[in-house]
Amino acid sequence: MYNFNTESLRETECQYCHQKYPTNYLDLHEAVCPLRDSINRNSRDRMPIATAPNFRDISDNNNFPLEELRPEEHGIDRAKPINNKKKNNLLQSIKNHKQRAVIIVVIVVIIIVIITVSTTLGVVLGRKSTTNVINGTDTSSTDSSTTTTTKTSSTISATTTKTSIGPTCLLSTWNENGTTIAGSQDGIHGDTPGFLYKPRDLFIDNNDVYITDTLNRRIIKYTLNIAQEHTIISDITTRGIAFASEKQIIYFSNFISNMERIERVNKDGSGGSSTIVPSGVLSICYSLVVRLESTYICDTNNHRVILWFNVNSSYVNVAGGNGFGTDPNKLQTPEGIFVDDDGNIYVADTRNHRIQLWKQGASEGKTVGGSSLSLAGSGMKDLRNPTAVIVDKYGTMFIADTGNHRIVQWLKDDTQAKSILVGRNGLAGLSLNELNRPTNLKFDSEGNLVVVDSENNRIQKYLVDNSHCL
């Protein structure tokens, strides 16, 4: 039963069918009353009669057909009430559109964040991978435990960027008369300031030259154009040296108690040194190259080159390691290495009188300088006990042909040297255009050639001439 307020309801009789209807709906009923057309309506002056509602009739749909009173179903021209269903559908549609808009905005924001993070990470990784072709870069710490691996890795990658070193062009030349920048011009050895004793290796950092002064058992720094020296670390027997430029750390070999190990120290010598490769792994090391979290080490008396992983203190053979010999997969007392931007290793295969190129992951090397038959000689096709090699951006090799007391320039893919830069007569000497068993060489930032003239106890600098370059 409907619960109506009886005080607010009135009924009025239809003038056509004489049935009573609520006054508010009378007009609606009379407009559609079935007897309207059959009765002549004369007047409509009756006043509505207020009566109490018949609750039973009102609640009975048969006696009180409320559906007849809906104007929208009978075409009555009066304001239509709002359809709640349509209203709800409209609100739901608006809500759905808002949700879609929010989702789209969130997706766009996520994409922007991903792009930004990727770009930033790429820049950071790009910076970390920037290495000096000669000096190398290290970005890792070292574990004290050692894991030995004897297999040659075929999946090692060197993450480096292209680095420009050496001459400006292929037509660059060098003055054959050198200038002494460290040690005695007269070849005198000593342990007092201004003297060296059998220096072996070096690297260049801006205007500073760092030298392994082997028989004086120290690493010293000379500043170019100032003739000023400074001892970085002493009481060590060191030969090979490399520089991690990003962290400003020097890596060096140290022969202690008849055993070799690799240590490192801050560039200014502060804090003392720490061990990277412990004793018992290497025989003797004349050359090393630092790259990111790894160190390439020329393990001379084991006739191999190893790649030492600084992070987990393990290593793999990357060249040689098959005993000494002249076969393509063997080396014989190699003393110098160079690692290019693609991870290829150039080896000064000293006792085989040749330069071997070991492509990254290769199981054997290819002779790219000297005799493929491992024969020593003094001709333009020959080498004699080479101890160092560096390669410029054009693929040209510069070789310390130690036994011939000269530096030779060897173009890429050529079968003989292009020219002799220093030491044309092939004899040991002390003159400005002569050398006595040169053991290493580097380029400075201007392309000048700097040579370790070991038996003359001095470091020589040869000025570059780029006047023929376009």
# chains A, B, ... in the order shown; residues from 1 in each chain; ligands from 1

call {"tool": "residues_around", "arguments": {"residues": "Gly370 (chain A)", "least_positions_apart": "5", "cutoff": "9 Å", "atoms": "only C-alpha atoms", "output": "PyMOL selection string"}}
result
chain A and resi 352-355+375-377+380-384+415-417

call {"tool": "write_last_selection", "arguments": {"atoms": "C-alpha atoms", "output": "PDB file, in the first residue's frame"}}
result
ATOM      1  CA  ASN A 352     110.216 -14.227 -32.652  1.00  0.00           C
ATOM      2  CA  HIS A 353     111.229 -10.847 -34.127  1.00  0.00           C
ATOM      3  CA  ARG A 354     107.698  -9.996 -35.227  1.00  0.00           C
ATOM      4  CA  ILE A 355     104.500  -8.124 -34.409  1.00  0.00           C
ATOM      5  CA  LEU A 375     113.860 -14.433 -38.601  1.00  0.00           C
ATOM      6  CA  ALA A 376     115.764 -11.426 -37.286  1.00  0.00           C
ATOM      7  CA  GLY A 377     117.155  -8.830 -39.668  1.00  0.00           C
ATOM      8  CA  MET A 380     112.947  -2.682 -44.011  1.00  0.00           C
ATOM      9  CA  LYS A 381     111.031  -5.956 -43.892  1.00  0.00           C
ATOM     10  CA  ASP A 382     112.765  -7.099 -40.730  1.00  0.00           C
ATOM     11  CA  LEU A 383     112.757  -6.559 -37.004  1.00  0.00           C
ATOM     12  CA  ARG A 384     115.161  -7.652 -34.292  1.00  0.00           C
ATOM     13  CA  THR A 415     104.788  -5.996 -45.827  1.00  0.00           C
ATOM     14  CA  GLN A 416     107.646  -3.690 -44.886  1.00  0.00           C
ATOM     15  CA  ALA A 417     108.287  -0.534 -42.884  1.00  0.00           C
TER      16      ALA A 417
END

call {"tool": "residues_around", "arguments": {"residues": "Phe324 (chain A)", "least_positions_apart": "6", "cutoff": "9 Å", "atoms": "only C-alpha atoms", "output": "PyMOL selection string"}}
result
chain A and resi 301-304+330-333

call {"tool": "atom_distance", "arguments": {"atom1": "CA of Thr180 (chain A)", "atom2": "CA of Thr223 (chain A)"}}
result
12.6 Å

call {"tool": "closest_residue", "arguments": {"among": "A:Thr402, A:Asn177, A:Asn225, A:Gln92", "to": "Leu441 (chain A)", "atoms": "only C-alpha atoms"}}
result
A:Thr402

call {"tool": "select_by_dssp", "arguments": {"residues": "region 311-354 of chain A", "states": "strand (DSSP E or B)", "output": "list of chain:residue names"}}
result
A:Ser314, A:Tyr315, A:Val316, A:Asn317, A:Val318, A:Ala319, A:Gly320, A:Phe324, A:Leu331, A:Gly336, A:Ile337, A:Phe338, A:Val339, A:Ile345, A:Tyr346, A:Val347, A:Ala348, A:Asp349, A:Arg354

call {"tool": "residues_around", "arguments": {"residues": "Val389 (chain A)", "least_positions_apart": "4", "cutoff": "7 Å", "atoms": "only C-alpha atoms", "output": "NGL selection string"}}
result
:A and (336-338 or 348 or 397-400)

call {"tool": "closest_residue", "arguments": {"among": "A:Asn329, A:Gln185, A:Asn457, A:Thr214", "to": "Leu432 (chain A)", "atoms": "only C-alpha atoms"}}
result
A:Gln185

call {"tool": "atom_distance", "arguments": {"atom1": "CA of Ala362 (chain A)", "atom2": "CA of Val289 (chain A)"}}
result
18.7 Å

call {"tool": "residues_around", "arguments": {"residues": "Asp327 (chain A)", "least_positions_apart": "5", "cutoff": "12 Å", "atoms": "only C-alpha atoms", "output": "list of chain:residue names"}}
result
A:Gly320, A:Gly321, A:Asn322, A:Gln332, A:Asp349, A:Asn352, A:Arg354, A:Gln356, A:Ser363, A:Glu364, A:Gly365, A:Lys366, A:Thr367, A:Ser372, A:Leu373, A:Ser374
